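Chemist: query04.txt is reproduced in full below (compact mmCIF, C-alpha atoms and all ligand atoms).
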# COMPACT_ATOMS: atom_id res chain seq x y z
CA MET P 21 -6.34 20.21 1.09
CA PHE P 22 -8.14 17.12 -0.08
CA GLN P 23 -8.42 16.45 -3.80
CA MET P 24 -9.21 13.00 -5.15
CA PRO P 25 -9.82 13.42 -8.86
CA THR P 26 -9.68 9.71 -9.78
CA LYS P 27 -12.82 8.47 -11.52
CA TYR P 28 -13.48 5.45 -9.29
CA VAL P 29 -15.60 2.73 -10.88
CA PHE P 30 -16.65 -0.06 -8.53
CA GLY P 31 -18.66 -3.25 -9.04
CA LYS P 32 -19.09 -6.60 -10.69
CA ASP P 33 -17.89 -6.67 -14.32
CA SER P 34 -16.80 -3.01 -14.10
CA HIS P 35 -13.47 -3.87 -15.76
CA LYS P 36 -15.29 -4.73 -18.98
CA GLY P 37 -15.88 -1.02 -19.54
CA ILE P 38 -12.18 -0.11 -19.50
CA GLY P 39 -12.04 0.62 -23.25
CA GLU P 40 -14.75 3.24 -22.92
CA LEU P 41 -13.09 4.72 -19.83
CA VAL P 42 -9.66 5.23 -21.40
CA LYS P 43 -10.86 6.25 -24.86
CA PRO P 44 -11.26 9.97 -23.96
CA TYR P 45 -7.55 10.04 -23.08
CA ALA P 46 -5.90 7.87 -25.69
CA ASP P 47 -6.08 5.95 -28.95
CA LYS P 48 -2.97 3.95 -28.08
CA VAL P 49 -2.01 2.77 -24.61
CA LEU P 50 0.69 0.84 -22.80
CA LEU P 51 -0.86 -2.17 -21.02
CA VAL P 52 1.25 -3.11 -17.98
CA TYR P 53 0.81 -6.32 -15.98
CA GLY P 54 2.67 -8.76 -13.76
CA GLY P 55 3.64 -12.39 -13.82
CA GLY P 56 0.56 -13.90 -15.37
CA SER P 57 -2.28 -14.00 -12.84
CA ILE P 58 -4.38 -11.86 -15.21
CA LYS P 59 -4.02 -14.48 -17.94
CA ARG P 60 -4.99 -17.33 -15.63
CA ASN P 61 -8.17 -15.64 -14.37
CA GLY P 62 -9.43 -14.41 -17.75
CA LEU P 63 -9.01 -10.72 -17.00
CA TYR P 64 -6.49 -10.23 -19.79
CA ASP P 65 -8.97 -11.43 -22.45
CA ASP P 66 -11.71 -9.15 -21.11
CA VAL P 67 -9.41 -6.11 -21.14
CA ILE P 68 -8.18 -6.73 -24.67
CA ALA P 69 -11.75 -7.27 -25.92
CA SER P 70 -12.88 -4.00 -24.31
CA LEU P 71 -9.96 -2.01 -25.75
CA LYS P 72 -10.54 -3.47 -29.21
CA ALA P 73 -14.27 -2.76 -29.06
CA GLN P 74 -13.44 0.94 -28.59
CA GLY P 75 -10.68 0.96 -31.23
CA VAL P 76 -7.98 1.57 -28.61
CA ASP P 77 -4.65 0.19 -29.82
CA TYR P 78 -2.17 -1.17 -27.25
CA MET P 79 1.38 -2.31 -26.61
CA GLU P 80 2.19 -4.66 -23.73
CA LEU P 81 4.72 -4.66 -20.91
CA SER P 82 4.51 -7.81 -18.79
CA GLY P 83 6.56 -9.43 -16.04
CA VAL P 84 6.41 -6.70 -13.39
CA GLN P 85 7.57 -8.37 -10.17
CA ALA P 86 6.52 -7.69 -6.58
CA ASN P 87 8.73 -4.91 -5.15
CA PRO P 88 8.95 -3.52 -8.69
CA ARG P 89 12.27 -2.58 -10.23
CA TYR P 90 13.34 0.53 -12.11
CA GLU P 91 14.80 -1.60 -14.92
CA LYS P 92 11.22 -2.57 -15.86
CA VAL P 93 10.22 1.10 -15.76
CA LEU P 94 12.97 1.88 -18.28
CA GLU P 95 11.65 -0.85 -20.62
CA GLY P 96 8.23 0.77 -20.45
CA ILE P 97 9.59 4.26 -21.07
CA GLU P 98 11.31 3.03 -24.22
CA LEU P 99 8.04 1.59 -25.53
CA VAL P 100 6.10 4.76 -24.70
CA LYS P 101 8.60 6.93 -26.56
CA LYS P 102 9.04 4.61 -29.55
CA GLU P 103 5.34 4.00 -30.06
CA ASN P 104 4.01 7.41 -29.01
CA LEU P 105 1.73 5.91 -26.38
CA GLN P 106 -0.71 8.29 -24.70
CA LEU P 107 -1.81 6.54 -21.50
CA VAL P 108 -0.46 3.82 -19.22
CA LEU P 109 -3.02 1.17 -18.23
CA ALA P 110 -2.02 -0.93 -15.23
CA VAL P 111 -3.82 -4.23 -14.64
CA GLY P 112 -2.51 -5.54 -11.35
CA GLY P 113 -1.63 -4.68 -7.77
CA GLY P 114 0.54 -2.00 -6.25
CA SER P 115 3.68 -3.19 -8.01
CA VAL P 116 2.13 -3.02 -11.47
CA ILE P 117 0.37 0.29 -10.78
CA ASP P 118 3.52 1.89 -9.35
CA THR P 119 5.50 0.74 -12.40
CA ALA P 120 2.84 2.30 -14.64
CA LYS P 121 3.02 5.57 -12.69
CA ALA P 122 6.82 5.70 -12.95
CA ILE P 123 6.63 5.05 -16.70
CA ALA P 124 4.03 7.82 -17.03
CA MET P 125 6.52 10.22 -15.41
CA CYS P 126 8.81 10.02 -18.45
CA ILE P 127 7.16 12.95 -20.21
CA GLY P 128 7.74 15.23 -17.25
CA SER P 129 11.29 14.47 -16.22
CA GLY P 130 14.52 13.78 -18.10
CA ASP P 131 15.56 11.34 -15.38
CA VAL P 132 12.67 9.61 -13.66
CA TRP P 133 14.85 8.00 -10.98
CA ALA P 134 16.07 11.47 -9.95
CA CYS P 135 12.48 12.21 -8.85
CA PHE P 136 12.61 9.19 -6.49
CA SER P 137 16.18 9.57 -5.28
CA ALA P 138 16.64 13.32 -5.19
CA GLY P 139 13.12 14.78 -5.29
CA ALA P 140 13.61 16.22 -8.78
CA LYS P 141 10.57 18.16 -9.96
CA LEU P 142 7.99 16.41 -12.11
CA GLU P 143 6.55 18.79 -14.70
CA ALA P 144 3.96 16.46 -16.23
CA ALA P 145 2.93 12.84 -16.58
CA LEU P 146 0.93 10.71 -18.97
CA PRO P 147 -2.50 9.77 -17.65
CA VAL P 148 -2.57 6.48 -15.74
CA ALA P 149 -5.60 4.16 -15.57
CA THR P 150 -5.82 1.06 -13.40
CA ILE P 151 -7.74 -2.16 -13.01
CA LEU P 152 -7.03 -3.40 -9.51
CA THR P 153 -6.37 -7.13 -9.02
CA ILE P 154 -5.41 -7.12 -5.33
CA PRO P 155 -6.75 -4.69 -2.74
CA ALA P 156 -3.73 -3.74 -0.66
CA ALA P 157 -1.41 -0.87 -1.56
CA GLY P 158 -4.13 1.67 -2.34
CA SER P 159 -2.10 2.80 -5.34
CA GLU P 160 -5.31 2.86 -7.40
CA VAL P 161 -6.25 6.08 -5.57
CA SER P 162 -2.93 7.41 -4.28
CA PRO P 163 -0.53 10.01 -5.71
CA ASP P 164 2.42 7.73 -4.80
CA ALA P 165 4.71 5.22 -6.46
CA VAL P 166 7.36 3.04 -4.79
CA ILE P 167 10.21 1.61 -6.89
CA SER P 168 13.38 -0.38 -6.14
CA TYR P 169 16.76 0.26 -7.73
CA LYS P 170 20.37 -0.41 -6.74
CA GLY P 171 19.56 -1.67 -3.25
CA ARG P 172 17.15 1.13 -2.41
CA LYS P 173 13.36 1.16 -2.33
CA LEU P 174 12.06 4.70 -2.61
CA GLY P 175 8.73 6.46 -2.87
CA PHE P 176 7.70 9.47 -4.92
CA SER P 177 4.54 11.48 -4.60
CA SER P 178 2.83 13.85 -7.03
CA GLN P 179 -0.77 14.64 -7.89
CA LYS P 180 0.32 14.29 -11.52
CA ILE P 181 0.57 10.50 -11.17
CA ARG P 182 -2.72 9.93 -9.37
CA PRO P 183 -4.75 7.67 -11.70
CA VAL P 184 -7.36 9.40 -13.83
CA VAL P 185 -9.47 6.22 -13.77
CA SER P 186 -9.48 3.22 -11.41
CA VAL P 187 -11.68 0.19 -11.79
CA VAL P 188 -12.33 -2.08 -8.82
CA ASN P 189 -14.29 -5.28 -9.45
CA PRO P 190 -14.45 -7.28 -6.18
CA ASP P 191 -15.23 -10.43 -8.16
CA ILE P 192 -11.63 -10.49 -9.45
CA PHE P 193 -10.14 -10.98 -5.99
CA LYS P 194 -11.51 -14.48 -5.41
CA THR P 195 -8.45 -16.02 -7.11
CA LEU P 196 -6.04 -14.47 -4.62
CA PRO P 197 -4.03 -16.90 -2.49
CA LYS P 198 -4.52 -16.53 1.28
CA ASN P 199 -1.05 -15.11 1.89
CA GLN P 200 -1.75 -12.29 -0.59
CA ILE P 201 -5.12 -11.61 1.07
CA ALA P 202 -3.29 -11.33 4.39
CA ASN P 203 -0.59 -9.07 2.93
CA GLY P 204 -3.21 -6.76 1.49
CA VAL P 205 -5.17 -6.57 4.73
CA CYS P 206 -2.07 -5.72 6.78
CA ASP P 207 -1.02 -3.04 4.30
CA MET P 208 -4.39 -1.30 4.20
CA MET P 209 -4.64 -1.40 8.01
CA SER P 210 -1.19 0.14 8.19
CA HIS P 211 -2.25 2.94 5.84
CA ILE P 212 -4.87 3.81 8.43
CA PHE P 213 -2.52 3.44 11.42
CA GLU P 214 0.02 5.77 9.77
CA ARG P 215 -2.65 8.47 9.76
CA TYR P 216 -4.63 7.57 12.88
CA PHE P 217 -1.81 7.65 15.45
CA THR P 218 -1.11 11.35 15.74
CA GLN P 219 -0.27 13.98 18.29
CA THR P 220 -2.78 16.35 16.69
CA GLN P 221 -5.69 17.19 18.99
CA HIS P 222 -9.43 17.41 18.17
CA THR P 223 -9.62 14.81 15.43
CA ASP P 224 -12.91 13.16 16.42
CA LEU P 225 -14.57 12.78 13.04
CA ILE P 226 -11.60 11.30 11.19
CA ASP P 227 -10.71 9.13 14.21
CA SER P 228 -14.19 7.60 14.08
CA LEU P 229 -14.10 7.06 10.33
CA ALA P 230 -10.66 5.43 10.65
CA GLU P 231 -11.87 3.16 13.44
CA ALA P 232 -14.92 2.10 11.41
CA THR P 233 -12.73 1.35 8.40
CA LEU P 234 -10.31 -0.73 10.50
CA LYS P 235 -13.16 -2.73 12.05
CA THR P 236 -14.72 -3.34 8.64
CA ILE P 237 -11.43 -4.65 7.28
CA MET P 238 -10.79 -6.94 10.26
CA ARG P 239 -14.29 -8.40 10.37
CA ASN P 240 -14.36 -9.15 6.65
CA ALA P 241 -10.75 -10.35 6.46
CA LEU P 242 -11.68 -13.20 8.79
CA LEU P 243 -14.56 -14.14 6.49
CA LEU P 244 -12.16 -14.15 3.53
CA MET P 245 -9.65 -16.38 5.30
CA ARG P 246 -12.48 -18.91 5.65
CA ASN P 247 -13.83 -18.38 2.13
CA PRO P 248 -11.70 -16.37 -0.35
CA ALA P 249 -14.62 -16.41 -2.81
CA ASP P 250 -16.94 -14.41 -0.49
CA TYR P 251 -17.97 -11.62 -2.87
CA GLU P 252 -19.74 -9.51 -0.24
CA ALA P 253 -16.70 -9.61 2.04
CA TRP P 254 -14.51 -8.52 -0.88
CA THR P 255 -16.75 -5.53 -1.60
CA GLU P 256 -16.16 -4.35 1.98
CA VAL P 257 -12.42 -5.02 2.08
CA SER P 258 -11.64 -3.57 -1.33
CA LEU P 259 -13.62 -0.37 -0.80
CA ALA P 260 -11.99 -0.03 2.63
CA GLY P 261 -8.56 -0.49 1.01
CA SER P 262 -9.18 2.50 -1.24
CA VAL P 263 -10.67 4.59 1.59
CA ALA P 264 -7.60 3.73 3.67
CA HIS P 265 -5.22 5.35 1.19
CA ASN P 266 -7.08 8.00 -0.82
CA GLY P 267 -5.92 10.63 1.66
CA PHE P 268 -9.18 11.57 3.37
CA LEU P 269 -8.34 9.74 6.60
CA GLY P 270 -5.20 11.86 6.81
CA CYS P 271 -6.97 15.22 6.73
CA GLY P 272 -6.39 17.65 9.57
CA ARG P 273 -3.68 15.71 11.35
CA VAL P 274 0.07 15.21 11.35
CA GLN P 275 0.63 11.74 9.89
CA ASP P 276 3.30 9.27 10.94
CA TRP P 277 4.64 6.88 8.20
CA GLY P 278 7.44 5.49 10.39
CA CYS P 279 6.40 1.85 9.90
CA HIS P 280 6.32 2.30 6.13
CA ALA P 281 9.82 3.78 6.10
CA MET P 282 11.11 0.91 8.26
CA GLU P 283 9.35 -1.69 6.09
CA HIS P 284 10.65 -0.30 2.81
CA GLU P 285 14.12 -0.90 4.20
CA LEU P 286 13.25 -4.56 4.87
CA SER P 287 11.97 -5.06 1.30
CA ALA P 288 15.00 -3.19 -0.08
CA GLN P 289 17.28 -5.52 1.85
CA ASP P 290 15.43 -8.65 0.70
CA GLU P 291 13.07 -8.29 -2.25
CA LYS P 292 11.29 -11.53 -1.29
CA VAL P 293 9.82 -9.70 1.73
CA ALA P 294 6.22 -8.76 0.90
CA HIS P 295 5.34 -5.22 2.03
CA GLY P 296 2.27 -6.35 4.01
CA ALA P 297 4.15 -9.15 5.77
CA GLY P 298 6.94 -6.76 6.77
CA LEU P 299 4.35 -4.37 8.19
CA ALA P 300 2.69 -7.19 10.17
CA VAL P 301 6.01 -7.84 11.91
CA LEU P 302 6.95 -4.21 12.53
CA THR P 303 3.63 -2.65 13.55
CA PRO P 304 3.08 -4.25 17.00
CA ALA P 305 6.76 -3.64 17.88
CA TRP P 306 6.46 0.01 16.80
CA MET P 307 3.29 0.39 18.87
CA ARG P 308 4.98 -0.96 22.02
CA TYR P 309 7.94 1.38 21.41
CA VAL P 310 5.93 4.59 20.93
CA TYR P 311 2.61 4.34 22.80
CA SER P 312 3.82 6.22 25.89
CA GLU P 313 4.25 9.38 23.75
CA ASN P 314 0.46 9.76 23.70
CA PRO P 315 -1.24 6.89 25.58
CA LYS P 316 -4.70 8.40 25.07
CA MET P 317 -4.58 7.55 21.37
CA PHE P 318 -3.57 3.94 22.00
CA TYR P 319 -6.18 3.53 24.75
CA GLN P 320 -8.83 4.76 22.32
CA PHE P 321 -7.56 2.29 19.69
CA ALA P 322 -7.61 -0.62 22.15
CA VAL P 323 -11.17 0.08 23.28
CA ASN P 324 -12.80 1.32 20.05
CA VAL P 325 -11.09 -0.96 17.51
CA MET P 326 -9.77 -3.98 19.38
CA ASP P 327 -12.79 -4.24 21.73
CA ILE P 328 -10.72 -4.32 24.92
CA LYS P 329 -12.80 -3.66 28.03
CA PRO P 330 -12.21 -0.15 29.44
CA ASP P 331 -10.25 -0.18 32.70
CA ARG P 332 -8.62 2.33 35.04
CA ASP P 333 -5.29 0.67 34.32
CA GLU P 334 -4.59 2.50 31.07
CA GLU P 335 -1.39 0.65 30.27
CA LYS P 336 -3.01 -2.76 30.73
CA VAL P 337 -5.70 -1.83 28.20
CA ILE P 338 -3.17 -0.45 25.72
CA LEU P 339 -0.93 -3.52 25.84
CA ALA P 340 -3.93 -5.86 25.57
CA GLY P 341 -4.99 -3.95 22.43
CA ILE P 342 -1.56 -4.30 20.86
CA ASP P 343 -1.36 -8.01 21.77
CA LYS P 344 -4.78 -8.59 20.25
CA LEU P 345 -3.70 -6.87 17.02
CA ALA P 346 -0.55 -9.05 16.88
CA ALA P 347 -2.74 -12.13 17.42
CA PHE P 348 -5.03 -10.97 14.60
CA PHE P 349 -2.08 -10.70 12.20
CA LYS P 350 -0.94 -14.14 13.32
CA SER P 351 -4.44 -15.57 12.70
CA LEU P 352 -4.09 -14.38 9.09
CA GLY P 353 -0.96 -16.51 8.85
CA GLN P 354 1.46 -13.56 8.98
CA PRO P 355 4.96 -13.88 10.41
CA ASN P 356 5.66 -12.15 13.71
CA SER P 357 9.44 -11.97 13.73
CA LEU P 358 12.22 -10.93 11.37
CA GLN P 359 13.40 -14.55 11.31
CA GLU P 360 9.98 -15.70 10.13
CA LEU P 361 10.30 -13.08 7.38
CA GLY P 362 13.56 -14.73 6.29
CA PHE P 363 16.17 -12.58 8.05
CA SER P 364 18.99 -14.24 9.97
CA LEU P 365 20.24 -13.19 13.39
CA ASN P 366 23.25 -11.69 11.59
CA ALA P 367 21.20 -9.39 9.37
CA PRO P 368 22.87 -5.95 9.03
CA LEU P 369 20.24 -4.23 11.17
CA GLU P 370 22.42 -1.26 12.10
CA LYS P 371 23.22 -0.53 8.46
CA MET P 372 19.52 -0.84 7.58
CA ALA P 373 18.48 1.46 10.43
CA LYS P 374 21.00 4.09 9.30
CA LYS P 375 19.76 3.83 5.70
CA CYS P 376 16.19 4.19 6.94
CA SER P 377 16.58 7.33 9.09
CA GLY P 378 19.68 8.83 7.47
CA GLU P 379 20.97 11.84 9.41
CA GLY P 380 17.46 12.70 10.60
CA PHE P 381 14.40 10.74 11.63
CA VAL P 382 11.37 8.93 10.24
CA GLY P 383 7.86 9.02 11.70
CA ASN P 384 6.16 11.82 13.60
CA PHE P 385 4.16 10.27 16.45
CA LYS P 386 7.58 9.75 17.96
CA PRO P 387 10.48 10.79 15.72
CA LEU P 388 12.58 7.69 15.13
CA TYR P 389 16.30 8.32 14.76
CA TRP P 390 18.44 5.44 13.53
CA LYS P 391 19.00 4.16 17.05
CA ASP P 392 15.23 4.02 17.61
CA VAL P 393 14.76 2.16 14.32
CA LEU P 394 17.49 -0.26 15.36
CA SER P 395 15.72 -0.87 18.69
CA ILE P 396 12.46 -1.64 16.87
CA TYR P 397 14.21 -3.98 14.41
CA LYS P 398 15.87 -5.74 17.36
CA ALA P 399 12.52 -6.05 19.15
CA CYS P 400 11.30 -7.95 16.07
CA LEU P 401 14.04 -10.62 16.31
O1 LIG P 501 2.37 -10.78 -10.93
P1 LIG P 501 1.10 -11.51 -10.82
O2 LIG P 501 1.09 -12.82 -11.53
O3 LIG P 501 -0.10 -10.67 -11.18
O4 LIG P 501 0.94 -11.94 -9.26
C1 LIG P 501 0.74 -10.97 -8.24
C2 LIG P 501 1.95 -10.81 -7.35
O5 LIG P 501 2.72 -11.99 -7.30
C3 LIG P 501 -0.31 -11.49 -7.30
N1 LIG P 501 -1.66 -11.16 -7.70
C4 LIG P 501 -2.16 -9.93 -7.93
N2 LIG P 501 -3.45 -10.01 -8.22
C5 LIG P 501 -3.79 -11.32 -8.20
C6 LIG P 501 -2.65 -12.06 -7.87
N3 LIG P 501 -2.66 -13.40 -7.78
C7 LIG P 501 -3.82 -14.04 -8.01
N4 LIG P 501 -4.98 -13.39 -8.31
C8 LIG P 501 -5.00 -12.04 -8.42
N5 LIG P 501 -6.17 -11.41 -8.67
O6 LIG P 501 -0.03 -10.83 -6.08
C9 LIG P 501 1.37 -10.64 -5.97
C10 LIG P 501 1.68 -9.33 -5.30
O7 LIG P 501 1.36 -8.25 -6.14
P2 LIG P 501 1.82 -6.77 -5.73
O8 LIG P 501 1.35 -5.85 -6.80
O9 LIG P 501 3.27 -6.74 -5.40
O10 LIG P 501 1.03 -6.52 -4.36
P3 LIG P 501 0.56 -5.21 -3.66
O11 LIG P 501 -0.67 -4.67 -4.28
O12 LIG P 501 0.53 -5.56 -2.23
O13 LIG P 501 1.69 -4.11 -3.94
C11 LIG P 501 2.84 -4.03 -3.14
C12 LIG P 501 3.72 -2.90 -3.63
O14 LIG P 501 3.05 -1.63 -3.50
C13 LIG P 501 3.92 -0.73 -2.78
C14 LIG P 501 4.67 -1.67 -1.86
O15 LIG P 501 5.82 -1.08 -1.33
C15 LIG P 501 5.00 -2.82 -2.80
O16 LIG P 501 6.11 -2.52 -3.62
N6 LIG P 501 3.11 0.31 -2.14
C16 LIG P 501 2.60 1.27 -2.93
C17 LIG P 501 1.86 2.32 -2.42
C18 LIG P 501 1.32 3.37 -3.29
N7 LIG P 501 1.73 3.42 -4.56
O17 LIG P 501 0.52 4.22 -2.86
C19 LIG P 501 1.61 2.46 -0.99
C20 LIG P 501 1.91 1.23 -0.21
O18 LIG P 501 2.16 1.60 1.12
C21 LIG P 501 3.03 0.41 -0.70
O19 LIG P 501 4.28 0.91 -0.24
ZN ZN P 502 1.71 0.27 2.44
Take the structure from the file and write it as structure tokens.
Modeler:
Amino acid sequence: MFQMPTKYVFGKDSHKGIGELVKPYADKVLLVYGGGSIKRNGLYDDVIASLKAQGVDYMELSGVQANPRYEKVLEGIELVKKENLQLVLAVGGGSVIDTAKAIAMCIGSGDVWACFSAGAKLEAALPVATILTIPAAGSEVSPDAVISYKGRKLGFSSQKIRPVVSVVNPDIFKTLPKNQIANGVCDMMSHIFERYFTQTQHTDLIDSLAEATLKTIMRNALLLMRNPADYEAWTEVSLAGSVAHNGFLGCGRVQDWGCHAMEHELSAQDEKVAHGAGLAVLTPAWMRYVYSENPKMFYQFAVNVMDIKPDRDEEKVILAGIDKLAAFFKSLGQPNSLQELGFSLNAPLEKMAKKCSGEGFVGNFKPLYWKDVLSIYKACL
């Protein structure tokens, strides 16, 4: 089943219409944002002007940090309840949007954290609208939220928290520092890998769409590393970031999500670890660990995406493809070891691996039990 009900508004100055877009849902909204980038680049003033022009009243919740925390969600829930707010408007990246989604869950669950930690049912949620400021997590189109609390970083998924409106203006992204561009690129590529590498047979159409999206991201990411103000390159990368995670590229196939589970454990262990940087370290190691489960898929990736010359020696082609991907991440300035991410040789990798897989496994391409996860973490040292 594919259902993507988000009204997706894309283009220069599109954020200036946010008042009109949220008005059908609310007269009073909670405006959620992060540490101040939206004030420095003028976005905040535009949003407030647009809300005021439509007579939409607002309360503010600022200071959402990367790897967002549940404590901030609780602050937002208090405001929503006290002020009777009807919609949560996120202006930011994945962290801000996920915080907004978790706040919106308060009308449908007595204990929002129980949804994340114990899969408690969500009966309803306030509508969420977003203005994206960094193309990366795909939260502007996804039914997911990821929140940290008490040493755990957990995801929750429900169609009820998929944004009703998302605005993507590629002109906003030119103020992003290069490390954030790189983090975003690695995350959106991972969202495609998690779906692309599958044991499901007969997936030609979606395979081809996934490969085209990956190539578009890689080609334009290199342009952005040279010139972060390249508007045309941003249009390609930001649209690709939403396509990567709106769910369509996952249709008709068993998806993996092992790298995401392993990365969330890294960010839970050290909240300074950016999600995209953690994925850049883990992904090539995961690929080397699992490719033999279905070499055909990795051969196809090496030839179609990484432009490795076809050869009878299948393994040579596969490994060249993985090496070239690792070199691409490196060329974006990403770390390629756990140490470069800030972990020491004494990091509690076994404990982390056990937390990641629990009694069972993560991933589907090759099920990863905790000992497999530990092997992959160790391969990243
Ligand atoms: O806080 P501010 O000042 O806004 O600074 C942010 C933040 O420091 C900065 N930034 C954002 N837009 C900017 C900007 N700086 C300059 N100019 C701009 N236009 O970027 C920093 C990182 O922001 P963050 O929101 O954390 O980044 P991202 O979008 O990569 O989100 C990462 C989070 O999303 C989760 C990740 O786990 C992580 O917690 N994910 C959410 C998913 C979902 N909901 O579907 C799926 C993903 O796989 C991912 O797990
Ligand atoms: Zn991700």
Chemist: Just give me the residues with any atom within 10 Å of (0.6, 8.3, 20.7), file coordinates, counting all atoms listed in the file, written as a ChimeraX atom specification.
Modeler: /P:216-220,307,310-319,384-386
Chemist: Between P:Val323, P:Ala145, P:Val188, P:Ile151, single out the one closest to Leu259 of chain P, counting all atoms listed in the file.
Modeler: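 Answer, going by the shortest atom-to-atom distance: P:Val188.
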Chemist: In Å, rounded to a single decimal, give me how far atom CA of Ile226 of chain P is from atom CA of Phe381 of chain P.
Modeler: 26.0 Å
Chemist: If you take all atoms listed in the file and a cut-off of 7 Å, which residues of chain P touch ligand LIG 501 (chain P), and what are their nearest atom pairs and distances in Å to one decimal, in chain and number order, as a Markdown table?
Modeler:
| residue | atom | partner | partner_atom | distance |
| --- | --- | --- | --- | --- |
| P:Tyr53 | CA | P:LIG501 | O3 | 6.5 |
| P:Gly54 | CA | P:LIG501 | O1 | 3.5 |
| P:Gly55 | CA | P:LIG501 | O2 | 3.5 |
| P:Gly56 | CA | P:LIG501 | O2 | 4.0 |
| P:Ser57 | CA | P:LIG501 | O2 | 3.8 |
| P:Ile58 | CA | P:LIG501 | O3 | 6.0 |
| P:Gly83 | CA | P:LIG501 | O1 | 6.7 |
| P:Val84 | CA | P:LIG501 | O1 | 6.2 |
| P:Gln85 | CA | P:LIG501 | O1 | 5.8 |
| P:Ala86 | CA | P:LIG501 | O9 | 3.6 |
| P:Asn87 | CA | P:LIG501 | O16 | 3.9 |
| P:Pro88 | CA | P:LIG501 | O16 | 5.9 |
| P:Gly112 | CA | P:LIG501 | N2 | 5.5 |
| P:Gly113 | CA | P:LIG501 | O8 | 3.3 |
| P:Gly114 | CA | P:LIG501 | O13 | 3.3 |
| P:Ser115 | CA | P:LIG501 | O8 | 3.7 |
| P:Val116 | CA | P:LIG501 | O8 | 5.5 |
| P:Asp118 | CA | P:LIG501 | N7 | 5.3 |
| P:Thr153 | CA | P:LIG501 | N2 | 4.2 |
| P:Ile154 | CA | P:LIG501 | N2 | 4.5 |
| P:Pro155 | CA | P:LIG501 | O11 | 6.3 |
| P:Ala156 | CA | P:LIG501 | O11 | 4.8 |
| P:Ala157 | CA | P:LIG501 | C20 | 4.2 |
| P:Gly158 | CA | P:LIG501 | O17 | 5.3 |
| P:Ser159 | CA | P:LIG501 | O17 | 3.9 |
| P:Ser162 | CA | P:LIG501 | O17 | 4.9 |
| P:Pro163 | CA | P:LIG501 | O17 | 6.5 |
| P:Asp164 | CA | P:LIG501 | N7 | 4.4 |
| P:Ala165 | CA | P:LIG501 | N7 | 4.0 |
| P:Val166 | CA | P:LIG501 | C16 | 5.4 |
| P:Ile167 | CA | P:LIG501 | O16 | 6.7 |
| P:Ile192 | CA | P:LIG501 | N5 | 5.6 |
| P:Phe193 | CA | P:LIG501 | N5 | 4.8 |
| P:Lys194 | CA | P:LIG501 | N5 | 7.0 |
| P:Thr195 | CA | P:LIG501 | N4 | 4.5 |
| P:Leu196 | CA | P:LIG501 | N4 | 4.0 |
| P:Pro197 | CA | P:LIG501 | C7 | 6.2 |
| P:Gln200 | CA | P:LIG501 | O6 | 5.9 |
| P:Asn203 | CA | P:LIG501 | O12 | 6.3 |
| P:Gly204 | CA | P:LIG501 | O12 | 5.4 |
| P:Asp207 | CA | P:LIG501 | O18 | 6.5 |
| P:His211 | CA | P:LIG501 | O18 | 6.6 |
| P:His280 | CA | P:LIG501 | O18 | 6.5 |
| P:His284 | CA | P:LIG501 | O15 | 6.4 |
| P:His295 | CA | P:LIG501 | C14 | 5.3 |
| P:Gly296 | CA | P:LIG501 | O12 | 6.5 |
Chemist: Closest to His265 of chain P among P:Glu143, P:Glu91, P:Asp33, P:Glu214, using all atoms listed in the file?
Modeler: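 Smallest distance to His265 of chain P is found for P:Glu214.
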Chemist: Please measure the separation of atom CA of Tyr169 of chain P and atom CA of Arg89 of chain P, giving the value in Å to one decimal.
Modeler: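 These atoms are spaced 5.9 Å apart.
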Chemist: Separation of atom CA of Glu231 of chain P and atom CA of Tyr28 of chain P, in Å?
Modeler: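 Computing it gives 22.9 Å between the two atoms.
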Chemist: Write only C-alpha atoms for segment 237-257 of chain P from the block just shown, as an mmCIF file, in the first residue's frame.
Modeler:
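Heads up, here's the output in part-v3.cif:
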data_model
loop_
_atom_site.group_PDB
_atom_site.id
_atom_site.type_symbol
_atom_site.label_atom_id
_atom_site.label_comp_id
_atom_site.auth_asym_id
_atom_site.auth_seq_id
_atom_site.Cartn_x
_atom_site.Cartn_y
_atom_site.Cartn_z
ATOM 1 C CA ILE P 237 22.076 12.885 -5.362
ATOM 2 C CA MET P 238 25.746 11.987 -5.868
ATOM 3 C CA ARG P 239 26.234 14.122 -8.972
ATOM 4 C CA ASN P 240 24.636 17.190 -7.398
ATOM 5 C CA ALA P 241 26.224 16.698 -3.973
ATOM 6 C CA LEU P 242 29.629 17.179 -5.583
ATOM 7 C CA LEU P 243 28.424 20.443 -7.138
ATOM 8 C CA LEU P 244 27.207 21.599 -3.723
ATOM 9 C CA MET P 245 30.514 20.791 -2.040
ATOM 10 C CA ARG P 246 32.115 23.172 -4.548
ATOM 11 C CA ASN P 247 29.361 25.792 -4.317
ATOM 12 C CA PRO P 248 26.783 25.484 -1.499
ATOM 13 C CA ALA P 249 24.776 28.303 -3.090
ATOM 14 C CA ASP P 250 24.074 26.348 -6.312
ATOM 15 C CA TYR P 251 20.283 26.667 -6.447
ATOM 16 C CA GLU P 252 19.789 24.216 -9.312
ATOM 17 C CA ALA P 253 21.821 21.549 -7.523
ATOM 18 C CA TRP P 254 19.723 22.080 -4.399
ATOM 19 C CA THR P 255 16.492 21.587 -6.335
ATOM 20 C CA GLU P 256 17.765 18.158 -7.412
ATOM 21 C CA VAL P 257 19.133 17.099 -4.026
#
